[in-house]
Amino acid sequence: MKKPLFALLTLAFAAPLLAQEVTYTKDIRPLWEEHCERCHGAKSPTYEDFAKSKASAAGASDDSDGPRMDSYERMMYHLTGPRSGALMRMLDDGSNTADRHPGGMFRHLGRRAERKGNLDLFKRWIGEGAWVVKEPGQLSQEEVQKIKAAK
């Protein structure tokens, strides 16, 4: 009798926390500042400049190794804009790909023990059933419309 009661009480207290909306400002931005800013901060090139020259990517300093994603709008460019899906593909743990290889940025989501939790936070931000791993720009209009990503 104690186990079912404990489980019920645990669920009752955890449910409000699980139901809280994940937002960029409250949840994603602090995670980004801790794990992503060094390579995708204000000193990083825009995606257009990053893509124009492989030399800019290869010669980037430690604080500008990737395209700039230092605002909600810049991050959304890689999520729902012309690069739709790029963020999901780069952060994925490999469980959504045929080859089971994680995306190039998955390892930067924190220490090994915290990566899954941080990835789950991104997935909750993007929305239930909206996490789709495809090549950048290959999401259908229906897939893009499922993305919530609240500011």
# chains A, B, ... in the order shown; residues from 1 in each chain; ligands from 1
>>> residues_around(residues="A:Tyr47", least_positions_apart="3", cutoff="8 Å", atoms="only C-alpha atoms", output="list in words")
Phe50, Ala51, Pro67 and Arg68 of chain A
>>> residues_around(residues="A:Trp131", least_positions_apart="5", cutoff="8 Å", atoms="only C-alpha atoms", output="ChimeraX atom specification")
/A:88,123,126,147
>>> write_last_selection(atoms="C-alpha atoms", output="short mmCIF file (atom, residue, chain, number, x, y, z; two decimals), in the first residue's frame")
data_model
loop_
_atom_site.label_atom_id
_atom_site.label_comp_id
_atom_site.auth_asym_id
_atom_site.auth_seq_id
_atom_site.Cartn_x
_atom_site.Cartn_y
_atom_site.Cartn_z
CA MET A 88 17.33 19.65 -34.16
CA LYS A 123 12.60 18.93 -27.16
CA ILE A 126 10.16 22.74 -29.56
CA ILE A 147 7.17 23.73 -33.70
#
>>> closest_residue(among="A:Leu79, A:Leu109, A:Val22, A:Leu87", to="A:Cys36", atoms="only C-alpha atoms")
A:Leu109
>>> residues_around(residues="stretch 139-144 of chain A", least_positions_apart="5", cutoff="10 Å", atoms="only C-alpha atoms", output="list of chain:residue names")
A:Leu79, A:Thr80, A:Gly81, A:Pro82, A:Arg83, A:Ser84, A:Gly85, A:Ala86, A:Gly129, A:Ala130, A:Trp131, A:Val132, A:Val133, A:Lys134
>>> write_last_selection(atoms="C-alpha atoms", output="tab-separated table (two decimals), in the first residue's frame")
chain	number	residue	atom	x	y	z
A	79	LEU	CA	14.64	25.98	-36.40
A	80	THR	CA	11.81	27.31	-38.58
A	81	GLY	CA	13.46	29.57	-41.16
A	82	PRO	CA	15.45	28.75	-44.28
A	83	ARG	CA	17.60	26.40	-42.17
A	84	SER	CA	14.54	24.68	-40.67
A	85	GLY	CA	15.51	21.63	-38.69
A	86	ALA	CA	19.23	22.42	-38.53
A	129	GLY	CA	5.92	15.51	-31.68
A	130	ALA	CA	7.76	18.37	-33.38
A	131	TRP	CA	11.33	17.02	-32.99
A	132	VAL	CA	12.21	15.90	-36.53
A	133	VAL	CA	15.74	15.14	-37.66
A	134	LYS	CA	16.25	15.95	-41.34
>>> atom_distance(atom1="atom CA of A:Lys148", atom2="atom CA of A:Gly127")
5.3 Å
>>> residues_around(residues="A:Glu21", least_positions_apart="3", cutoff="12 Å", atoms="only C-alpha atoms", output="list of chain:residue names")
A:Pro16, A:Leu17, A:Leu18, A:Tyr24, A:Thr25, A:Lys26, A:Asp27, A:Ile28, A:Leu121, A:Phe122, A:Lys123, A:Arg124, A:Trp125, A:Ile126, A:Gly127, A:Glu128, A:Lys148, A:Ala149, A:Ala150, A:Lys151
>>> write_last_selection(atoms="N, CA and C atoms", output="short mmCIF file (atom, residue, chain, number, x, y, z; two decimals), in the first residue's frame")
data_model
loop_
_atom_site.label_atom_id
_atom_site.label_comp_id
_atom_site.auth_asym_id
_atom_site.auth_seq_id
_atom_site.Cartn_x
_atom_site.Cartn_y
_atom_site.Cartn_z
N PRO A 16 2.55 19.40 -11.95
CA PRO A 16 2.62 20.83 -12.30
C PRO A 16 3.96 21.23 -12.88
N LEU A 17 5.04 20.62 -12.41
CA LEU A 17 6.36 20.95 -12.95
C LEU A 17 6.51 20.48 -14.38
N LEU A 18 5.99 19.29 -14.66
CA LEU A 18 6.08 18.75 -16.02
C LEU A 18 5.23 19.55 -16.99
N TYR A 24 12.03 30.18 -24.34
CA TYR A 24 13.40 30.58 -24.69
C TYR A 24 13.99 31.41 -23.55
N THR A 25 13.26 32.42 -23.12
CA THR A 25 13.78 33.36 -22.12
C THR A 25 14.08 32.68 -20.79
N LYS A 26 13.16 31.88 -20.31
CA LYS A 26 13.27 31.28 -18.98
C LYS A 26 14.17 30.04 -18.96
N ASP A 27 14.14 29.23 -20.01
CA ASP A 27 14.80 27.92 -19.98
C ASP A 27 15.94 27.76 -20.99
N ILE A 28 15.68 28.09 -22.24
CA ILE A 28 16.66 27.83 -23.30
C ILE A 28 17.81 28.83 -23.26
N LEU A 121 15.00 19.18 -22.54
CA LEU A 121 14.50 20.55 -22.39
C LEU A 121 14.29 21.20 -23.75
N PHE A 122 15.26 21.03 -24.65
CA PHE A 122 15.10 21.56 -26.02
C PHE A 122 13.89 20.92 -26.70
N LYS A 123 13.73 19.62 -26.53
CA LYS A 123 12.60 18.93 -27.16
C LYS A 123 11.27 19.43 -26.62
N ARG A 124 11.19 19.66 -25.32
CA ARG A 124 9.96 20.19 -24.73
C ARG A 124 9.70 21.61 -25.24
N TRP A 125 10.75 22.39 -25.42
CA TRP A 125 10.60 23.76 -25.94
C TRP A 125 10.05 23.72 -27.37
N ILE A 126 10.58 22.84 -28.16
CA ILE A 126 10.16 22.74 -29.56
C ILE A 126 8.73 22.22 -29.67
N GLY A 127 8.35 21.31 -28.79
CA GLY A 127 6.96 20.86 -28.75
C GLY A 127 6.79 19.38 -28.97
N GLU A 128 5.75 18.86 -28.36
CA GLU A 128 5.39 17.45 -28.46
C GLU A 128 5.26 17.02 -29.92
N LYS A 148 6.66 24.75 -31.56
CA LYS A 148 6.10 25.77 -30.67
C LYS A 148 7.16 26.80 -30.32
N ALA A 149 8.25 26.40 -29.68
CA ALA A 149 9.39 27.26 -29.36
C ALA A 149 8.98 28.64 -28.85
N ALA A 150 8.31 28.65 -27.72
CA ALA A 150 7.82 29.91 -27.15
C ALA A 150 8.97 30.82 -26.74
N LYS A 151 8.77 32.10 -26.93
CA LYS A 151 9.78 33.09 -26.56
C LYS A 151 9.72 33.32 -25.08
#
>>> closest_residue(among="A:His40, A:Lys146, A:Arg107, A:His35", to="A:Arg74", atoms="only C-alpha atoms")
A:His40
>>> closest_residue(among="A:Ala98, A:Lys43, A:Arg112, A:Glu48", to="A:Tyr77", atoms="only C-alpha atoms")
A:Glu48
>>> closest_residue(among="A:Leu31, A:Asp99, A:Met69, A:Gly104", to="A:Pro45", atoms="only C-alpha atoms")
A:Met69
>>> closest_residue(among="A:Gln20, A:Leu119, A:Gly66, A:Thr46", to="A:Ser95", atoms="only C-alpha atoms")
A:Leu119
>>> select_by_dssp(residues="stretch 28-92 of chain A", states="alpha helix (DSSP H)", output="PyMOL selection string")
chain A and resi 29-35+37-40+47-52+54-58+72-77+86-91
>>> closest_residue(among="A:Trp32, A:Lys52, A:Met76, A:Ala42", to="A:Met105", atoms="only C-alpha atoms")
A:Trp32
